[in-house]
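Heads up, the thing below is written out as structure tokens.
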Amino acid sequence: MFPSEARVLVILPRDLVDRARVLAGRATTSMRLPVSMQIILRALIEEGLRRPTDPRLQANVSRQAETVRRIRREARRRPGSSARRDRDRPLGAQTSWHRRR
């Protein structure tokens, strides 16, 4: 479709996906053309990247980064979490599913 493209997997909150679906539906109705979620997400990313110094964009990025940091910190503190098991494993040690048979 594009001369240079990359595929990206994005994990999004359900409410954000629902809002994008609504926007796609409204665009489809008003334009009388099929508008997919992919088109909507691409347009939103492109428009956001045109405003890198917008304080609302920066605040949103900061809020998300802090949330990810908090989630990771809490995961490390939980006893028996996979993050702790991986950290405590000696370098070069493999998990059972990595071993070749």
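Following the order of the structure tokens, chains are lettered A, B, ..., residues in each are numbered from 1, and ligands are numbered from 1.
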
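The environment of A:Val10 within 12 Å, counting only C-alpha atoms and disregarding residues fewer than 3 places along the same chain, consists of Arg7, Pro13, Arg14, Leu16, Val17, Gln38, Leu41 and Arg42 of chain A.
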
Saved selection, atoms kept: C-alpha atoms, as a PDB file, in the first residue's frame:
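What landed in again_31.pdb:
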ATOM      1  CA  ARG A   7       4.096  -3.498  10.771  1.00  0.00           C
ATOM      2  CA  PRO A  13      -7.097  -0.006  26.269  1.00  0.00           C
ATOM      3  CA  ARG A  14     -10.549  -1.209  25.237  1.00  0.00           C
ATOM      4  CA  LEU A  16      -9.671   3.826  23.459  1.00  0.00           C
ATOM      5  CA  VAL A  17     -10.451   1.242  20.784  1.00  0.00           C
ATOM      6  CA  GLN A  38      -6.431   1.410  10.685  1.00  0.00           C
ATOM      7  CA  LEU A  41      -5.334   5.257  14.024  1.00  0.00           C
ATOM      8  CA  ARG A  42      -2.923   6.236  11.247  1.00  0.00           C
TER       9      ARG A  42
END

* Neighbour list for A:Asp18 as JSON, numbers by chain, cut-off 12 Å, only C-alpha atoms, skip fewer than 5 positions in-chain -> {"A": [12, 13, 23, 24, 25, 37, 40, 41]}

* **Test item, alpha helix (DSSP H) assignment across stretch 6-84 of chain A, answer as a ChimeraX atom specification** => /A:14-31,37-49,55-77,82-84

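Picture a line from atom CA of A:Phe2 to atom CA of A:Arg50; it runs 19.6 Å.
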